[in-house]
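Listing of work-v2.cif; format and content: mmCIF, C-alpha atoms.
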data_target
loop_
_atom_site.label_atom_id
_atom_site.label_comp_id
_atom_site.auth_asym_id
_atom_site.auth_seq_id
_atom_site.Cartn_x
_atom_site.Cartn_y
_atom_site.Cartn_z
CA MET A 1 22.28 0.94 -170.96
CA ASN A 2 23.23 1.12 -174.60
CA GLU A 3 26.39 -0.93 -175.10
CA GLN A 4 27.58 0.89 -178.23
CA THR A 5 30.65 3.11 -178.05
CA PRO A 6 29.68 6.48 -176.50
CA LEU A 7 29.68 9.66 -178.52
CA GLU A 8 32.96 11.54 -178.47
CA LEU A 9 32.54 15.01 -176.96
CA ARG A 10 34.93 17.78 -177.99
CA THR A 11 34.80 21.28 -176.55
CA ARG A 12 36.68 24.55 -176.72
CA PRO A 13 35.94 28.00 -175.22
CA VAL A 14 35.69 30.60 -177.98
CA GLY A 15 35.19 34.34 -178.16
CA SER A 16 35.65 37.08 -175.59
CA TRP A 17 33.00 35.57 -173.30
CA GLY A 18 34.66 32.15 -173.19
CA MET A 19 31.60 30.43 -174.64
CA ASN A 20 31.92 26.65 -174.78
CA ALA A 21 31.45 25.36 -178.32
CA TYR A 22 30.79 21.62 -178.51
CA VAL A 23 31.18 18.94 -181.16
CA LEU A 24 29.67 15.47 -180.74
CA VAL A 25 31.08 12.69 -182.90
CA CYS A 26 29.65 9.23 -183.58
CA PRO A 27 32.61 6.80 -183.39
CA ALA A 28 30.95 4.31 -185.75
CA THR A 29 30.16 6.69 -188.62
CA ARG A 30 32.32 9.76 -187.81
CA GLN A 31 29.20 11.88 -188.28
CA SER A 32 29.27 14.99 -186.09
CA VAL A 33 27.15 17.91 -184.93
CA LEU A 34 28.45 21.36 -184.01
CA ILE A 35 26.67 22.98 -181.06
CA ASP A 36 26.78 26.78 -180.63
CA PRO A 37 29.18 28.30 -183.20
CA GLY A 38 29.85 31.38 -181.10
CA ALA A 39 33.13 32.68 -182.55
CA GLU A 40 36.49 31.72 -184.05
CA PRO A 41 35.54 29.75 -187.18
CA GLU A 42 39.03 28.27 -187.51
CA THR A 43 38.84 26.88 -183.97
CA LEU A 44 35.40 25.45 -184.69
CA GLN A 45 36.70 23.90 -187.90
CA SER A 46 39.53 22.25 -185.99
CA LEU A 47 37.03 20.73 -183.54
CA LEU A 48 35.34 19.06 -186.52
CA GLU A 49 38.57 17.58 -187.88
CA HIS A 50 38.27 14.03 -189.25
CA THR A 51 34.47 14.03 -188.97
CA HIS A 52 31.51 14.33 -191.34
CA PRO A 53 29.42 17.29 -190.11
CA LEU A 54 25.72 16.58 -190.13
CA ALA A 55 24.12 19.66 -188.56
CA ILE A 56 24.60 22.81 -186.50
CA LEU A 57 22.55 22.91 -183.30
CA ILE A 58 21.76 26.11 -181.39
CA THR A 59 21.03 26.16 -177.65
CA HIS A 60 19.78 29.78 -177.82
CA THR A 61 20.26 32.98 -179.81
CA HIS A 62 22.47 35.17 -177.61
CA PHE A 63 25.17 36.57 -179.87
CA ASP A 64 28.03 34.82 -178.06
CA HIS A 65 26.47 31.49 -179.07
CA ILE A 66 25.71 32.29 -182.74
CA ASP A 67 28.16 34.97 -183.88
CA ALA A 68 29.99 32.56 -186.23
CA LEU A 69 26.81 30.80 -187.37
CA ALA A 70 26.65 32.37 -190.83
CA GLU A 71 30.29 31.56 -191.54
CA MET A 72 30.05 27.96 -190.30
CA ARG A 73 26.81 27.40 -192.19
CA HIS A 74 28.57 28.57 -195.35
CA ARG A 75 31.63 26.40 -194.71
CA LEU A 76 29.79 23.22 -193.77
CA GLY A 77 26.68 23.39 -195.92
CA VAL A 78 24.64 21.55 -193.28
CA PRO A 79 21.19 22.27 -191.80
CA VAL A 80 20.77 24.54 -188.79
CA MET A 81 18.44 23.37 -186.02
CA ALA A 82 17.08 25.63 -183.27
CA HIS A 83 13.98 26.54 -181.30
CA PRO A 84 11.37 28.59 -183.22
CA GLY A 85 11.50 31.39 -180.65
CA PRO A 86 10.81 34.09 -179.78
CA HIS A 87 14.49 34.71 -180.26
CA VAL A 88 16.72 37.08 -178.30
CA ASP A 89 16.50 40.84 -178.96
CA GLY A 90 14.63 40.39 -182.22
CA VAL A 91 17.28 38.14 -183.79
CA THR A 92 16.12 36.73 -187.11
CA LEU A 93 17.23 33.13 -187.32
CA HIS A 94 16.75 31.07 -190.47
CA ALA A 95 16.75 27.44 -189.38
CA ASP A 96 16.29 24.39 -191.56
CA ARG A 97 14.53 22.51 -188.77
CA TRP A 98 12.73 23.95 -185.79
CA LEU A 99 13.13 21.92 -182.61
CA THR A 100 10.71 21.73 -179.70
CA ASP A 101 10.58 19.80 -176.45
CA GLY A 102 10.69 16.04 -176.98
CA ASP A 103 12.13 16.16 -180.49
CA ARG A 104 15.02 13.92 -181.39
CA VAL A 105 18.06 14.40 -183.63
CA SER A 106 19.72 11.30 -185.08
CA MET A 107 23.46 11.25 -185.66
CA GLY A 108 25.09 8.04 -186.78
CA THR A 109 24.06 5.26 -184.41
CA HIS A 110 23.13 7.73 -181.64
CA THR A 111 20.23 10.04 -180.83
CA LEU A 112 19.97 13.39 -179.07
CA ARG A 113 16.82 14.22 -177.12
CA VAL A 114 15.72 17.86 -177.07
CA PHE A 115 14.55 19.60 -173.89
CA HIS A 116 13.01 23.09 -173.97
CA THR A 117 14.36 24.91 -170.90
CA PRO A 118 13.20 28.55 -171.01
CA GLY A 119 14.15 31.19 -168.48
CA HIS A 120 17.53 32.62 -169.43
CA THR A 121 15.94 33.04 -172.87
CA PRO A 122 12.57 31.90 -174.27
CA ASP A 123 14.29 29.81 -176.95
CA MET A 124 16.68 27.85 -174.72
CA LEU A 125 17.25 24.19 -175.60
CA CYS A 126 19.26 21.39 -173.99
CA PHE A 127 20.55 18.38 -175.93
CA ALA A 128 20.69 15.12 -173.99
CA ILE A 129 22.53 12.11 -175.37
CA GLU A 130 20.16 9.16 -175.11
CA HIS A 131 21.42 6.18 -173.06
CA ASP A 132 24.22 8.44 -171.78
CA PRO A 133 24.44 10.75 -168.74
CA ARG A 134 25.73 13.79 -170.67
CA VAL A 135 23.56 16.81 -171.50
CA ILE A 136 24.61 19.99 -173.33
CA VAL A 137 22.69 22.57 -171.30
CA GLY A 138 23.63 25.91 -172.87
CA ASP A 139 23.01 28.71 -170.36
CA THR A 140 20.14 26.90 -168.61
CA ILE A 141 22.23 26.00 -165.57
CA PHE A 142 25.81 26.38 -164.38
CA ASP A 143 27.85 24.82 -161.60
CA GLY A 144 27.22 27.85 -159.38
CA GLY A 145 23.68 28.88 -160.32
CA PRO A 146 21.07 29.25 -163.05
CA GLY A 147 21.43 31.40 -166.16
CA LYS A 148 21.04 35.18 -165.82
CA THR A 149 17.54 36.59 -166.23
CA ARG A 150 16.37 40.03 -167.32
CA SER A 151 13.01 40.20 -165.54
CA ALA A 152 11.15 38.76 -162.57
CA GLU A 153 8.94 36.90 -165.04
CA ASP A 154 11.97 35.28 -166.68
CA PHE A 155 13.33 34.32 -163.26
CA ALA A 156 10.00 32.69 -162.37
CA THR A 157 10.26 30.76 -165.64
CA THR A 158 13.77 29.65 -164.69
CA LEU A 159 12.51 28.37 -161.34
CA ALA A 160 9.78 26.39 -163.10
CA THR A 161 12.30 24.93 -165.55
CA LEU A 162 14.58 23.85 -162.71
CA ARG A 163 11.68 22.20 -160.85
CA THR A 164 9.98 20.45 -163.75
CA VAL A 165 12.79 19.69 -166.19
CA VAL A 166 16.31 19.82 -164.72
CA LEU A 167 15.62 18.18 -161.37
CA ALA A 168 13.77 15.38 -163.16
CA TRP A 169 17.09 14.26 -164.63
CA PRO A 170 19.02 11.55 -162.74
CA ASP A 171 21.78 12.43 -160.26
CA ALA A 172 24.30 10.85 -162.65
CA THR A 173 23.53 13.50 -165.30
CA VAL A 174 26.63 15.45 -166.31
CA CYS A 175 25.76 18.99 -167.41
CA TYR A 176 27.94 20.70 -170.02
CA PRO A 177 27.14 24.43 -169.85
CA GLY A 178 27.73 27.31 -172.23
CA HIS A 179 30.38 28.78 -169.92
CA GLY A 180 32.59 27.23 -167.28
CA PRO A 181 33.16 23.63 -166.22
CA ALA A 182 30.93 20.59 -166.54
CA PHE A 183 29.39 19.26 -163.33
CA ARG A 184 27.39 16.31 -162.03
CA LEU A 185 23.78 17.20 -161.27
CA GLY A 186 23.67 15.01 -158.16
CA ASP A 187 26.49 17.05 -156.63
CA ARG A 188 24.35 20.21 -156.90
CA ARG A 189 20.85 18.79 -156.31
CA ALA A 190 20.65 19.66 -152.59
CA ALA A 191 21.81 23.24 -153.25
CA ILE A 192 19.32 23.65 -156.11
CA GLU A 193 16.46 22.28 -154.02
CA ALA A 194 17.35 24.65 -151.17
CA PHE A 195 17.51 27.54 -153.65
CA LEU A 196 14.02 26.67 -154.92
CA ARG A 197 12.58 26.63 -151.39
CA ARG A 198 13.63 30.22 -150.69
CA ASP A 199 11.49 33.27 -151.45
CA HIS A 200 13.40 35.39 -153.97
CA GLY A 201 10.71 38.04 -154.37
CA GLN A 202 10.83 39.91 -157.68
CA PHE A 203 14.47 39.04 -158.32
CA SER A 204 16.14 39.06 -161.73
CA GLY A 205 19.77 39.01 -162.78
CA ASP A 206 22.70 36.73 -161.92
CA ALA A 207 21.76 34.20 -159.25
CA THR A 208 23.81 31.75 -157.20
CA TRP A 209 22.63 28.64 -155.39
CA GLU A 210 23.59 30.27 -152.06
CA MET A 211 21.09 33.15 -152.46
#
Transcribe the structure of this file into structure tokens.
Amino acid sequence: MNEQTPLELRTRPVGSWGMNAYVLVCPATRQSVLIDPGAEPETLQSLLEHTHPLAILITHTHFDHIDALAEMRHRLGVPVMAHPGPHVDGVTLHADRWLTDGDRVSMGTHTLRVFHTPGHTPDMLCFAIEHDPRVIVGDTIFDGGPGKTRSAEDFATTLATLRTVVLAWPDATVCYPGHGPAFRLGDRRAAIEAFLRRDHGQFSGDATWEM
């Protein structure tokens, strides 16, 4: 394990959908990244208090995750980093750096590792803190089930992402989702594995592990 002081994680639900905005702060340098500026610029600004913003990271381009992006980009003057797409509902996103699976983002003395986790959307990303159990998972996975899908094809993609990406993470992984509480992956692994063994047919929509 890395013996340096762990990144500080700040979070606040914003907007009418209660989307969790996150700020990660390097204790050594006070550099920070803002993840998913969904709404309420003043709230987002307060999360960044006493830090030096380095970048804005986007998990995916649903409006509740990016509605305050233009304002925060203007305020902070920092690069935006996101997946190259395709983006949701024809959203045009102008990023300064396109991120794909396996990329890394340096912040202070720490590094974030990028995972591409499509299903809920084609452009979904997770940001894992290296040498640390915490992962910002966007709408990839929640305590009670995977992210909502719009088609049977998207649901099949979600199942593949769960099998090949999410379940490859250690039990100690703590997932910080776009909505709702954080949870330990090991506490949900058995339910997820049982969910994956079932035949869901041509399902799409909101799923729960008990289905």
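The space separating CA of Gln4 in chain A from CA of Val25 in chain A comes to 13.2 Å.
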Length of the CA of Trp17 in chain A to CA of Trp209 in chain A vector [Å]: 21.8 Å
I would like the residues chosen by the PyMOL selection byres ((chain A and resi 144) around 12) on the shown file; could you give them as a PyMOL selection string? chain A and resi 139-143+145-148+177+179-185+187-189+191-192+195+206-211
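CA of Asp89 in chain A lies 14.2 Å from CA of Asp154 in chain A.
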Report as an MDAnalysis selection string the full result of the PyMOL selection byres ((chain A and resi 46-60) around 6) when it is applied to this structure. chainID A and resid 30:36 43:45 61 78:82 123:125 138
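Nearest to Gly85 in chain A of all the residues A:Arg73, A:His116, A:His65, A:Arg10 is A:His116, based on only C-alpha atoms.
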Could you check which of A:Val88, A:Val14, A:Cys126, A:Thr5 is closest to Arg104 in chain A, using only C-alpha atoms? A:Cys126
The PyMOL selection byres ((chain A and resi 204) around 12) on the file shown: which residues, as a VMD selection string? chain A and resid 119 to 120 146 to 159 200 to 203 205 to 208
C-alpha atoms of the current selection, written as an mmCIF file, in the coordinates of the input:
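The new file part_28.cif reads:
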data_model
loop_
_atom_site.group_PDB
_atom_site.id
_atom_site.type_symbol
_atom_site.label_atom_id
_atom_site.label_comp_id
_atom_site.auth_asym_id
_atom_site.auth_seq_id
_atom_site.Cartn_x
_atom_site.Cartn_y
_atom_site.Cartn_z
ATOM 1 C CA GLY A 119 14.150 31.190 -168.480
ATOM 2 C CA HIS A 120 17.530 32.620 -169.430
ATOM 3 C CA PRO A 146 21.070 29.250 -163.050
ATOM 4 C CA GLY A 147 21.430 31.400 -166.160
ATOM 5 C CA LYS A 148 21.040 35.180 -165.820
ATOM 6 C CA THR A 149 17.540 36.590 -166.230
ATOM 7 C CA ARG A 150 16.370 40.030 -167.320
ATOM 8 C CA SER A 151 13.010 40.200 -165.540
ATOM 9 C CA ALA A 152 11.150 38.760 -162.570
ATOM 10 C CA GLU A 153 8.940 36.900 -165.040
ATOM 11 C CA ASP A 154 11.970 35.280 -166.680
ATOM 12 C CA PHE A 155 13.330 34.320 -163.260
ATOM 13 C CA ALA A 156 10.000 32.690 -162.370
ATOM 14 C CA THR A 157 10.260 30.760 -165.640
ATOM 15 C CA THR A 158 13.770 29.650 -164.690
ATOM 16 C CA LEU A 159 12.510 28.370 -161.340
ATOM 17 C CA HIS A 200 13.400 35.390 -153.970
ATOM 18 C CA GLY A 201 10.710 38.040 -154.370
ATOM 19 C CA GLN A 202 10.830 39.910 -157.680
ATOM 20 C CA PHE A 203 14.470 39.040 -158.320
ATOM 21 C CA GLY A 205 19.770 39.010 -162.780
ATOM 22 C CA ASP A 206 22.700 36.730 -161.920
ATOM 23 C CA ALA A 207 21.760 34.200 -159.250
ATOM 24 C CA THR A 208 23.810 31.750 -157.200
#
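In terms of minimum interatomic distance to Pro27 in chain A, A:Gly108 ranks closest within A:Gly15, A:Gly108, A:Pro86, A:Gly102, counting all atoms listed in the file.
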Residues proximal to (26.5, 14.0, -179.4) were defined as those with any atom within 7 Å of that point in the file's coordinates, counting all atoms listed in the file. Which are they, as a PDB file with C-alpha atoms, in the coordinates of the input?
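Output below, filename part31.pdb:
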ATOM      1  CA  LEU A   7      29.680   9.660-178.520  1.00  0.00           C
ATOM      2  CA  GLU A   8      32.960  11.540-178.470  1.00  0.00           C
ATOM      3  CA  LEU A   9      32.540  15.010-176.960  1.00  0.00           C
ATOM      4  CA  LEU A  24      29.670  15.470-180.740  1.00  0.00           C
ATOM      5  CA  VAL A  25      31.080  12.690-182.900  1.00  0.00           C
ATOM      6  CA  VAL A  33      27.150  17.910-184.930  1.00  0.00           C
ATOM      7  CA  LEU A 112      19.970  13.390-179.070  1.00  0.00           C
ATOM      8  CA  ILE A 129      22.530  12.110-175.370  1.00  0.00           C
TER       9      ILE A 129
END
Spatial neighbours of Glu130 in chain A, 9 Å, only C-alpha atoms, chain gap at least 5 places, as a PyMOL selection string: chain A and resi 2+110-113
For Thr109 in chain A, which residue among A:His131, A:Gly18, A:Phe63, A:Ala194 is the nearest when counting all atoms listed in the file? A:His131
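Minimum distance to Leu162 in chain A across A:Pro118, A:Gly186, A:Gly90, A:Gly77 (counting only C-alpha atoms) occurs at A:Pro118.
Restricting the calculation to only C-alpha atoms, the smallest distance between Val165 in chain A and any of A:His83, A:Asp101, A:Ser106, A:Ala190 is found for A:Asp101.
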